[in-house]
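**Student:** What follows is data_31.txt, compact mmCIF, C-alpha atoms.
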# COMPACT_ATOMS: atom_id res chain seq x y z
CA MET O 1005 -7.22 -21.90 -4.74
CA ILE O 1006 -10.80 -21.67 -6.02
CA ASN O 1007 -12.04 -24.14 -8.64
CA GLY O 1008 -8.50 -24.80 -9.77
CA GLN O 1009 -7.56 -21.10 -9.98
CA LYS O 1010 -4.73 -19.86 -7.78
CA VAL O 1011 -5.39 -16.54 -6.03
CA PHE O 1012 -2.74 -13.87 -5.38
CA ASP O 1013 -4.04 -10.99 -3.24
CA ALA O 1014 -1.93 -7.98 -4.26
CA ASP O 1015 -2.94 -5.64 -1.43
CA THR O 1016 -3.30 -6.79 2.16
CA HIS O 1017 -1.99 -5.07 5.28
CA ILE O 1018 0.32 -5.74 8.20
CA HIS O 1019 0.66 -3.32 11.12
CA PRO O 1020 2.84 -4.91 13.79
CA SER O 1021 2.33 -3.61 17.31
CA ILE O 1022 5.32 -2.45 19.32
CA GLU O 1023 4.85 -5.59 21.41
CA ALA O 1024 5.17 -7.77 18.30
CA LEU O 1025 8.21 -5.80 17.15
CA GLY O 1026 9.83 -5.98 20.59
CA PRO O 1027 12.07 -9.01 19.99
CA TYR O 1028 13.30 -7.49 16.73
CA LEU O 1029 14.17 -4.00 17.99
CA GLY O 1030 17.81 -2.98 18.14
CA GLU O 1031 19.46 -1.77 21.33
CA ALA O 1032 19.93 1.75 19.93
CA PHE O 1033 16.18 1.98 19.32
CA LYS O 1034 15.30 0.70 22.78
CA LYS O 1035 17.41 3.44 24.35
CA LYS O 1036 15.42 6.07 22.48
CA MET O 1037 11.97 4.68 23.29
CA PRO O 1038 11.42 7.05 26.26
CA GLU O 1039 11.68 9.97 23.81
CA ILE O 1040 8.64 8.80 21.85
CA GLU O 1041 6.55 7.21 24.58
CA GLN O 1042 4.10 10.09 24.20
CA TYR O 1043 3.21 8.81 20.71
CA LEU O 1044 2.09 5.37 21.88
CA VAL O 1045 -1.61 4.71 21.35
CA GLY O 1046 -3.77 1.66 21.85
CA ALA O 1047 -3.63 -0.75 18.94
CA ARG O 1048 -6.63 -1.52 16.85
CA SER O 1049 -6.64 -5.23 16.31
CA ASP O 1050 -7.77 -5.10 12.72
CA GLN O 1051 -10.00 -2.82 10.72
CA THR O 1052 -9.49 0.93 10.67
CA THR O 1053 -13.22 1.50 10.32
CA THR O 1054 -14.50 -1.19 12.68
CA PRO O 1055 -11.89 -1.07 15.44
CA ARG O 1056 -11.47 -3.74 18.05
CA GLU O 1057 -9.17 -2.27 20.65
CA ASP O 1058 -6.51 -4.49 22.18
CA PRO O 1059 -5.48 -2.97 25.53
CA GLU O 1060 -2.31 -5.05 25.59
CA ARG O 1061 -1.04 -3.86 22.20
CA HIS O 1062 0.17 -0.43 21.07
CA HIS O 1063 1.25 1.47 17.98
CA TYR O 1064 3.16 4.68 17.50
CA ALA O 1065 1.08 7.56 16.17
CA LEU O 1066 2.00 11.18 15.75
CA GLY O 1067 -0.70 12.37 18.08
CA LEU O 1068 -2.31 14.28 15.22
CA THR O 1069 -6.01 13.97 14.57
CA PRO O 1070 -6.63 15.47 11.14
CA PHE O 1071 -9.85 15.14 9.18
CA ARG O 1072 -12.28 15.13 12.11
CA ARG O 1073 -14.99 17.54 10.91
CA VAL O 1074 -18.32 16.11 9.78
CA LEU O 1075 -19.48 17.56 6.48
CA GLY O 1076 -22.20 20.12 7.09
CA SER O 1077 -20.81 21.01 10.52
CA ALA O 1078 -18.78 24.03 11.53
CA GLU O 1079 -16.32 22.42 13.91
CA ALA O 1080 -14.35 19.23 14.18
CA GLN O 1081 -16.22 16.32 15.80
CA ALA O 1082 -19.49 18.22 15.77
CA ALA O 1083 -22.59 16.14 15.12
CA PRO O 1084 -25.05 16.94 12.29
CA LYS O 1085 -27.93 19.22 13.30
CA ASP O 1086 -30.59 16.58 12.73
CA GLY O 1087 -29.13 14.51 15.54
CA ARG O 1088 -27.87 11.63 13.42
CA SER O 1089 -24.44 10.40 14.45
CA ARG O 1090 -21.94 10.26 11.60
CA LEU O 1091 -19.01 9.92 13.94
CA HIS O 1092 -18.94 6.16 13.59
CA PHE O 1093 -15.97 4.39 12.06
CA GLY O 1094 -17.66 3.52 8.80
CA THR O 1095 -19.19 0.29 7.60
CA TYR O 1096 -17.50 -3.07 7.31
CA SER O 1097 -17.97 -4.48 3.82
CA GLY O 1098 -17.78 -8.20 4.46
CA ASP O 1099 -20.03 -10.77 6.09
CA LYS O 1100 -17.50 -11.81 8.71
CA LEU O 1101 -14.68 -10.07 10.57
CA PRO O 1102 -11.20 -11.52 10.04
CA ALA O 1103 -9.62 -13.11 13.08
CA VAL O 1104 -8.34 -10.84 15.84
CA GLY O 1105 -4.65 -10.07 15.55
CA VAL O 1106 -4.15 -11.00 11.90
CA ILE O 1107 -2.88 -7.51 11.09
CA ASP O 1108 -0.29 -7.86 13.87
CA ASP O 1109 1.52 -11.16 14.42
CA ALA O 1110 -1.24 -13.79 14.41
CA PHE O 1111 0.04 -15.41 11.23
CA ASP O 1112 -1.47 -18.83 11.98
CA LEU O 1113 -4.92 -17.25 12.22
CA ARG O 1114 -4.23 -15.27 9.07
CA VAL O 1115 -3.41 -18.46 7.17
CA ALA O 1116 -6.69 -19.94 8.40
CA ASP O 1117 -8.55 -16.90 7.04
CA MET O 1118 -6.73 -17.28 3.72
CA ASP O 1119 -7.69 -20.93 3.51
CA GLU O 1120 -11.31 -20.05 4.24
CA GLU O 1121 -11.32 -17.56 1.38
CA GLY O 1122 -9.35 -19.72 -1.00
CA THR O 1123 -6.44 -17.27 -1.22
CA ASP O 1124 -3.01 -18.76 -1.87
CA VAL O 1125 -0.75 -15.73 -1.34
CA HIS O 1126 -1.05 -12.45 0.57
CA MET O 1127 1.18 -9.56 -0.48
CA MET O 1128 1.41 -7.36 2.61
CA VAL O 1129 1.71 -3.57 2.75
CA PRO O 1130 3.44 -2.44 5.96
CA ASP O 1131 2.14 0.18 8.35
CA VAL O 1132 5.07 0.94 10.64
CA GLY O 1133 6.33 4.03 12.46
CA VAL O 1134 7.03 6.04 9.35
CA GLY O 1135 6.23 9.67 9.84
CA LEU O 1136 8.08 10.00 13.14
CA SER O 1137 10.95 11.45 11.12
CA THR O 1138 8.84 14.54 10.48
CA LEU O 1139 9.22 15.26 14.20
CA GLY O 1140 12.98 14.78 14.07
CA HIS O 1141 13.00 11.08 14.93
CA THR O 1142 14.71 9.77 11.80
CA GLU O 1143 16.77 7.16 13.65
CA ILE O 1144 13.69 5.88 15.42
CA GLU O 1145 11.81 5.63 12.15
CA MET O 1146 14.58 3.51 10.63
CA GLY O 1147 14.71 1.42 13.81
CA LEU O 1148 11.03 0.52 13.41
CA ILE O 1149 11.50 -0.20 9.71
CA GLY O 1150 14.42 -2.52 10.43
CA ALA O 1151 12.45 -4.32 13.15
CA TYR O 1152 9.52 -4.80 10.77
CA HIS O 1153 11.79 -6.37 8.16
CA ARG O 1154 13.23 -8.78 10.73
CA LEU O 1155 9.75 -9.71 11.95
CA ALA O 1156 8.57 -10.29 8.37
CA ASP O 1157 11.55 -12.49 7.61
CA ASP O 1158 10.91 -14.57 10.73
CA PHE O 1159 7.15 -15.01 10.49
CA ILE O 1160 6.95 -15.39 6.72
CA GLY O 1161 9.70 -17.97 6.91
CA ARG O 1162 7.40 -20.10 9.06
CA HIS O 1163 4.73 -20.09 6.33
CA LYS O 1164 6.66 -20.77 3.16
CA GLY O 1165 4.88 -19.77 -0.02
CA ARG O 1166 1.93 -18.01 1.62
CA PHE O 1167 3.22 -14.46 2.03
CA MET O 1168 5.20 -11.74 0.34
CA ALA O 1169 5.70 -8.25 1.77
CA LEU O 1170 6.93 -4.83 0.73
CA LEU O 1171 10.14 -3.37 2.06
CA ALA O 1172 9.48 -0.01 3.72
CA VAL O 1173 11.99 2.77 3.03
CA SER O 1174 12.11 6.42 4.03
CA GLY O 1175 13.07 9.48 2.02
CA THR O 1176 14.44 11.03 5.20
CA ASN O 1177 17.24 8.47 5.39
CA VAL O 1178 18.06 7.31 1.89
CA GLU O 1179 21.41 5.72 2.69
CA GLU O 1180 20.05 3.41 5.39
CA SER O 1181 16.96 2.72 3.30
CA ALA O 1182 19.10 1.56 0.39
CA ALA O 1183 21.02 -0.61 2.84
CA GLU O 1184 17.75 -2.20 4.00
CA ILE O 1185 16.88 -3.04 0.38
CA LYS O 1186 20.29 -4.63 -0.13
CA ARG O 1187 19.94 -6.52 3.15
CA TRP O 1188 16.56 -8.05 2.36
CA GLY O 1189 16.16 -7.67 -1.40
CA ALA O 1190 17.19 -11.24 -2.20
CA SER O 1191 14.68 -12.72 0.27
CA ASP O 1192 11.99 -14.80 -1.40
CA TRP O 1193 9.36 -12.82 0.53
CA ALA O 1194 10.52 -9.36 -0.64
CA ALA O 1195 7.86 -8.23 -3.11
CA GLY O 1196 8.85 -4.62 -3.79
CA VAL O 1197 9.78 -1.29 -2.26
CA LEU O 1198 7.34 1.15 -0.67
CA PRO O 1199 9.04 4.56 -0.38
CA PHE O 1200 7.71 7.13 2.07
CA ALA O 1201 8.66 10.56 0.78
CA ALA O 1202 10.23 13.21 2.96
CA LEU O 1203 8.42 16.52 3.36
CA ASP O 1204 11.09 18.32 1.35
CA ARG O 1205 12.19 15.55 -1.02
CA PRO O 1206 9.80 14.36 -3.76
CA LEU O 1207 10.08 10.81 -5.05
CA ASP O 1208 11.69 11.97 -8.29
CA HIS O 1209 14.45 13.91 -6.48
CA PRO O 1210 18.01 12.84 -7.43
CA ASP O 1211 18.71 12.13 -3.75
CA MET O 1212 16.29 9.18 -4.01
CA GLU O 1213 18.40 7.50 -6.71
CA PRO O 1214 20.17 5.02 -4.36
CA ILE O 1215 16.77 3.59 -3.45
CA TYR O 1216 15.83 3.01 -7.08
CA ALA O 1217 19.26 1.65 -7.92
CA ALA O 1218 19.05 -0.86 -5.06
CA ALA O 1219 15.51 -1.87 -6.08
CA ALA O 1220 16.60 -2.40 -9.69
CA GLU O 1221 19.63 -4.38 -8.55
CA HIS O 1222 17.33 -6.83 -6.77
CA ASP O 1223 14.60 -6.74 -9.44
CA LEU O 1224 12.10 -5.20 -7.01
CA PRO O 1225 9.31 -2.91 -8.20
CA ILE O 1226 8.55 0.52 -6.71
CA LEU O 1227 5.03 0.93 -5.38
CA HIS O 1228 2.66 3.62 -4.24
CA HIS O 1229 0.02 3.19 -1.55
CA SER O 1230 -1.40 6.41 -0.09
CA MET O 1231 -1.67 6.74 3.67
CA THR O 1232 -4.06 9.23 5.22
CA TRP O 1233 -2.33 9.10 8.62
CA VAL O 1234 1.36 9.43 7.72
CA PRO O 1235 2.85 12.87 7.05
CA PRO O 1236 3.25 14.22 4.43
CA TYR O 1237 -0.08 12.43 3.95
CA PHE O 1238 -0.89 12.89 0.24
CA PRO O 1239 -0.96 15.66 -2.38
CA GLY O 1240 -3.42 18.34 -1.37
CA TYR O 1241 -4.04 17.01 2.14
CA ARG O 1242 -4.42 20.58 3.42
CA ASP O 1243 -7.32 21.13 1.03
CA MET O 1244 -9.56 18.46 2.57
CA ASP O 1245 -11.43 20.86 4.89
CA ASP O 1246 -10.61 18.68 7.91
CA ASN O 1247 -12.98 15.96 6.72
CA ARG O 1248 -12.08 12.28 6.79
CA MET O 1249 -14.42 11.23 3.99
CA LEU O 1250 -13.02 13.86 1.61
CA ALA O 1251 -9.48 12.88 2.57
CA ARG O 1252 -10.10 9.17 1.98
CA LEU O 1253 -12.04 9.90 -1.20
CA CYS O 1254 -9.24 11.95 -2.75
CA SER O 1255 -6.03 10.69 -1.18
CA HIS O 1256 -5.51 7.36 -2.88
CA PRO O 1257 -6.27 8.22 -6.52
CA TRP O 1258 -4.72 11.68 -6.16
CA GLY O 1259 -1.53 10.28 -4.67
CA ALA O 1260 -1.36 7.53 -7.29
CA MET O 1261 -1.81 10.05 -10.10
CA LYS O 1262 1.08 12.12 -8.83
CA PHE O 1263 3.22 9.02 -8.29
CA MET O 1264 2.67 7.94 -11.88
CA GLY O 1265 3.58 11.41 -13.16
CA SER O 1266 6.75 11.48 -11.09
CA MET O 1267 7.88 7.98 -12.01
CA PHE O 1268 7.11 8.15 -15.72
CA GLY O 1269 8.27 11.75 -16.10
CA SER O 1270 11.54 11.45 -14.18
CA GLY O 1271 13.13 8.99 -16.59
CA VAL O 1272 13.74 6.40 -13.86
CA LEU O 1273 12.29 3.68 -16.11
CA ASP O 1274 14.90 4.54 -18.74
CA ARG O 1275 17.79 4.55 -16.27
CA TYR O 1276 16.77 1.12 -14.94
CA PRO O 1277 15.31 -0.93 -17.81
CA ASN O 1278 14.16 -3.75 -15.50
CA LEU O 1279 12.40 -1.48 -13.00
CA ARG O 1280 8.63 -1.79 -12.68
CA VAL O 1281 6.23 0.58 -10.93
CA GLY O 1282 2.75 0.06 -9.57
CA ILE O 1283 -0.11 1.51 -7.56
CA LEU O 1284 -2.23 -0.13 -4.87
CA GLU O 1285 -5.68 0.60 -3.44
CA SER O 1286 -6.16 3.65 -5.63
CA GLY O 1287 -8.76 2.39 -8.07
CA VAL O 1288 -8.32 1.81 -11.79
CA GLY O 1289 -11.36 3.35 -13.46
CA TRP O 1290 -9.49 6.61 -13.97
CA LEU O 1291 -6.42 4.97 -15.55
CA PRO O 1292 -7.45 5.30 -19.23
CA PHE O 1293 -8.01 9.02 -18.79
CA TRP O 1294 -4.86 9.57 -16.72
CA LEU O 1295 -2.51 7.60 -18.95
CA ARG O 1296 -3.72 9.51 -21.99
CA ARG O 1297 -3.56 12.85 -20.18
CA LEU O 1298 -0.11 12.07 -18.80
CA GLU O 1299 1.12 11.29 -22.31
CA GLU O 1300 -0.28 14.54 -23.63
CA GLN O 1301 1.00 16.71 -20.78
CA ILE O 1302 4.55 15.34 -21.06
CA ASP O 1303 4.56 16.45 -24.69
CA TYR O 1304 2.59 19.67 -24.22
CA VAL O 1305 4.09 21.05 -20.99
CA GLY O 1306 7.46 19.37 -20.77
CA PHE O 1307 9.52 19.93 -17.61
CA THR O 1308 10.26 16.21 -17.54
CA ALA O 1309 13.28 14.10 -18.35
CA ASP O 1310 14.09 13.40 -21.99
CA LEU O 1311 12.17 10.15 -22.15
CA GLN O 1312 13.09 7.33 -24.49
CA LYS O 1313 9.53 6.04 -24.87
CA LYS O 1314 5.92 7.11 -24.75
CA VAL O 1315 3.94 6.39 -21.60
CA ASN O 1316 1.76 3.84 -23.38
CA GLU O 1317 4.91 2.00 -24.49
CA TYR O 1318 6.12 1.59 -20.91
CA VAL O 1319 2.67 0.20 -20.04
CA ALA O 1320 2.61 -2.11 -23.05
CA ASP O 1321 6.09 -3.37 -22.13
CA GLY O 1322 4.86 -4.61 -18.74
CA ARG O 1323 6.49 -1.88 -16.65
CA PHE O 1324 3.29 -0.69 -14.91
CA PHE O 1325 0.72 -2.54 -12.78
CA ALA O 1326 -2.30 -1.55 -10.69
CA SER O 1327 -4.48 -3.34 -8.14
CA ILE O 1328 -8.24 -3.19 -8.54
CA GLU O 1329 -10.80 -2.04 -6.03
CA MET O 1330 -13.79 -4.34 -5.97
CA THR O 1331 -16.20 -1.45 -5.46
CA GLU O 1332 -15.49 -0.37 -9.04
CA ASP O 1333 -17.11 -3.66 -10.04
CA GLU O 1334 -17.08 -5.83 -13.12
CA ASP O 1335 -18.08 -3.31 -15.76
CA MET O 1336 -15.38 -0.79 -14.88
CA VAL O 1337 -12.62 -3.38 -14.51
CA LYS O 1338 -13.60 -4.86 -17.89
CA MET O 1339 -13.56 -1.39 -19.47
CA VAL O 1340 -10.04 -0.72 -18.21
CA MET O 1341 -8.84 -4.12 -19.39
CA ASP O 1342 -10.26 -3.42 -22.83
CA PHE O 1343 -8.49 -0.05 -22.93
CA ILE O 1344 -5.00 -0.85 -21.60
CA GLY O 1345 -4.82 -4.63 -21.91
CA ASP O 1346 -5.30 -7.51 -19.51
CA HIS O 1347 -1.64 -7.61 -18.42
CA VAL O 1348 -1.84 -4.66 -15.97
CA LEU O 1349 -4.55 -5.22 -13.35
CA MET O 1350 -4.19 -7.33 -10.21
CA TYR O 1351 -6.81 -8.71 -7.83
CA ALA O 1352 -6.69 -7.15 -4.35
CA SER O 1353 -8.99 -7.25 -1.32
CA ASP O 1354 -7.46 -4.79 1.23
CA TYR O 1355 -7.63 -7.52 3.91
CA PRO O 1356 -8.10 -7.16 6.85
CA HIS O 1357 -9.31 -3.55 6.55
CA ALA O 1358 -13.01 -2.83 6.40
CA GLU O 1359 -12.99 -2.43 2.62
CA CYS O 1360 -12.36 -6.14 2.15
CA GLU O 1361 -15.36 -8.39 1.73
CA PHE O 1362 -14.07 -11.27 3.79
CA PRO O 1363 -14.61 -14.13 3.35
CA ASP O 1364 -16.01 -13.71 -0.16
CA SER O 1365 -13.58 -11.30 -1.84
CA PRO O 1366 -11.92 -13.64 -4.37
CA SER O 1367 -15.04 -15.65 -5.17
CA ARG O 1368 -16.94 -12.45 -5.91
CA VAL O 1369 -14.36 -11.26 -8.45
CA MET O 1370 -14.08 -14.69 -10.03
CA GLY O 1371 -17.84 -14.53 -10.58
CA TRP O 1372 -17.47 -11.70 -13.10
CA LYS O 1373 -18.68 -13.49 -16.23
CA THR O 1374 -17.77 -10.85 -18.82
CA ILE O 1375 -14.05 -11.25 -18.17
CA PRO O 1376 -12.70 -14.13 -20.30
CA GLU O 1377 -11.05 -17.02 -18.50
CA PRO O 1378 -7.50 -16.21 -19.75
CA SER O 1379 -7.88 -12.60 -18.57
CA MET O 1380 -9.32 -13.74 -15.23
CA LYS O 1381 -6.30 -15.99 -14.73
CA LYS O 1382 -4.03 -12.98 -15.26
CA LEU O 1383 -6.13 -10.84 -12.91
CA MET O 1384 -6.20 -13.39 -10.10
CA TRP O 1385 -2.61 -14.66 -10.28
CA ASP O 1386 -0.36 -14.16 -13.29
CA ASN O 1387 -0.03 -10.36 -13.27
CA ALA O 1388 0.74 -10.11 -9.56
CA ALA O 1389 3.16 -13.04 -9.71
CA ARG O 1390 5.01 -11.35 -12.58
CA PHE O 1391 4.99 -7.88 -11.00
CA PHE O 1392 6.17 -9.01 -7.58
CA GLY O 1393 8.66 -11.54 -8.94
CA ARG O 1394 6.96 -14.57 -7.44
CA LYS O 1395 9.46 -17.40 -7.79
Please express what this file holds, its structure, as structure tokens.
**Tutor:**
Amino acid sequence: MINGQKVFDADTHIHPSIEALGPYLGEAFKKKMPEIEQYLVGARSDQTTTPREDPERHHYALGLTPFRRVLGSAEAQAAPKDGRSRLHFGTYSGDKLPAVGVIDDAFDLRVADMDEEGTDVHMMVPDVGVGLSTLGHTEIEMGLIGAYHRLADDFIGRHKGRFMALLAVSGTNVEESAAEIKRWGASDWAAGVLPFAALDRPLDHPDMEPIYAAAAEHDLPILHHSMTWVPPYFPGYRDMDDNRMLARLCSHPWGAMKFMGSMFGSGVLDRYPNLRVGILESGVGWLPFWLRRLEEQIDYVGFTADLQKKVNEYVADGRFFASIEMTEDEDMVKMVMDFIGDHVLMYASDYPHAECEFPDSPSRVMGWKTIPEPSMKKLMWDNAARFFGRK
């Protein structure tokens, strides 16, 4: 809490190492571990762009290294001709690095970081072994997802009221994914459902319906958060000219735009009147344009379900939410609020990734003077609490 205002961070990350997941892995998964040992890589303790390697911790990765070419160079990992090195991991945005291990299982240290910032609740986006199914390891993927859910239930249960987390589900195994939602959907920490699409099954495909039905049954929203390291990556990932900056620049808004088109256009919001949808870490400055364009294209082009409402009506009814990116700053966030209302946007820091401005993220946003106090209260707490079903 900061000056009497509760703070709900709508986009933080958790990436449990295989060592952290160990006690929660099923026996069937453990028997298959030798098959995927080749995909084990050293774990980065926290930030993707300022890595601190932990030699005792590991993650599964696909062994792919896309987006490695430096702009202006002919080959991947080549340095610019003027001798400057651009092969660093980017720039950390904050004044202080979060504690080591907070993205893994160091929940006590994470709570200490939250207290330092004045953040009451972290909503956590999972990074688990999704993507292994693209190599034929569907059972292993679901084994990691199940272990993550058990870990979350255990650790969050030790810190009542401080955390919520998304349920991870996979489009490659819809039946088991729906079962995971039903297993954990009533948990007070379950904030929503993060579906990872299969390569050959878009999110609006009828085969995905059991996932949406289970989410609606438990009053859980469906969310999008692009990942630049998980196949099928994001729309147009093959057009990024093997460059990480272009991929990161385009992936999140591009993926969110497509997600919105699929969700609004498929009629899923009509089939499940209580279902909400939202986007994370994709920016919001483009929303006024995209919502208006989406409305026009549904009417002009068609090829969508026979929708009961206009897109702006679903938004006005509180069915759509989006987390801000602080880099868009006060003027852009205010502009979007003025255009679509103050009931949509949610504060988010991206903790503990390098985009967060730890330990000053919430205080910086609360310093935006042009946003009225009632709207700031919605931005910092009310909207996220309503979207994620905070009890």
**Student:** Set out as a Markdown table a contact list for region 1141-1236 of chain O and region 1251-1260 of chain O with a cut-off of 8 Å, giving each residue of region 1141-1236 of chain O that qualifies its closest atom pair and distance in Å to one decimal, counting all atoms listed in the file, ordered by chain and rising residue number.
**Tutor:**
| residue | atom | partner | partner_atom | distance |
| --- | --- | --- | --- | --- |
| O:His1228 | CA | O:Ala1260 | CA | 6.4 |
| O:His1229 | CA | O:His1256 | CA | 7.1 |
| O:Ser1230 | CA | O:His1256 | CA | 5.1 |
| O:Met1231 | CA | O:His1256 | CA | 7.6 |
| O:Thr1232 | CA | O:Ser1255 | CA | 6.9 |
**Student:** Taking into account all atoms listed in the file, which residue in the set O:Tyr1152, O:Tyr1216, O:Phe1159, O:Phe1391 is nearest to Arg1275 (chain O)?
**Tutor:** O:Tyr1216
**Student:** Suppose you want the space between CA of Tyr1276 (chain O) and CA of Ala1219 (chain O); what is it in Å?
**Tutor:**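 Answer for the CA of Tyr1276 (chain O) to CA of Ala1219 (chain O) separation: 9.4 Å.
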**Student:** Around the point (20.2, -2.5, 4.9) in the file's coordinates, collect all residues with an atom within 12 Å, using all atoms listed in the file, and return them as a list in words.
**Tutor:**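 Protein and nucleic acid residues near the point are Met1146, Gly1147, Ile1149, Gly1150, Ala1151, His1153, Arg1154, Leu1171, Ala1172, Val1173, Asn1177, Val1178, Glu1179, Glu1180, Ser1181, Ala1182, Ala1183, Glu1184, Ile1185, Lys1186, Arg1187, Trp1188, Gly1189, Ala1190, Pro1214, Ile1215, Ala1218 and Ala1219 of chain O.
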**Student:** Need the axis-aligned box for region 1205-1224 of chain O with 4 Å each side, so what are the centre and edges in Å to one decimal, as JSON?
**Tutor:**
{"center_x": 15.0, "center_y": 4.4, "center_z": -5.4, "size_x": 18.4, "size_y": 30.4, "size_z": 16.7}
**Student:** To one decimal place, how far is CA of Phe1012 (chain O) from CA of Trp1385 (chain O) in Å?
**Tutor:** 5.0 Å
**Student:** For a test of reading the model, state the distance in Å between CA of Gly1269 (chain O) and CA of Asp1310 (chain O), rounded to one decimal.
**Tutor:**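 Separating CA of Gly1269 (chain O) from CA of Asp1310 (chain O) is a distance of 8.4 Å.
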**Student:** When you look at region 1375-1378 of chain O with a cut-off of 10 Å (counting all atoms listed in the file), what residues show up, excluding the ones that are within fewer than 3 positions of it in the same chain? I need them as a VMD selection string.
**Tutor:** chain O and resid 1334 to 1335 1337 to 1339 1341 to 1342 1346 1369 to 1372 1381 to 1383 1386
**Student:** Which is closer to Asp1013 (chain O) than all the others in O:Met1127, O:Met1380, O:Leu1311, O:Ala1195, using all atoms listed in the file?
**Tutor:**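 Among the listed residues, the smallest separation from Asp1013 (chain O) belongs to O:Met1127.
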**Student:** From the list O:Gly1175, O:Ile1006, O:Asp1192, O:Ile1018, which residue is nearest Arg1205 (chain O) when using only C-alpha atoms?
**Tutor:**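 Of O:Gly1175, O:Ile1006, O:Asp1192, O:Ile1018, the one nearest Arg1205 (chain O), counting only C-alpha atoms, is O:Gly1175.
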**Student:** When you count only C-alpha atoms, which of these residues is closest to Arg1280 (chain O): O:Gly1393, O:Gly1345, O:Pro1199, O:Pro1210?
**Tutor:**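 Selected residue with least distance to Arg1280 (chain O): O:Gly1393.
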**Student:** Out of O:Pro1206, O:Gly1030, O:Pro1130, O:Pro1059, which residue has the shortest atom-to-atom distance to Ala1169 (chain O) when counting all atoms listed in the file?
**Tutor:**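 So, comparing all the options, the nearest one is O:Pro1130.
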**Student:** Find the residues near region 1289-1303 of chain O: any atom within 9 Å, counting only C-alpha atoms, skip ones fewer than 4 places away on the same chain, and give them as JSON, numbers by chain.
**Tutor:** {"O": [1257, 1261, 1264, 1265, 1268, 1269, 1307, 1308, 1314, 1315, 1316, 1328, 1332, 1336, 1337, 1339, 1340, 1343, 1344]}
**Student:** Could you check the closest approach to Arg1114 (chain O) for each of O:Pro1363, O:Gly1046, O:Ile1144, O:Lys1373 and tell me which residue wins, using only C-alpha atoms?
**Tutor:** O:Pro1363
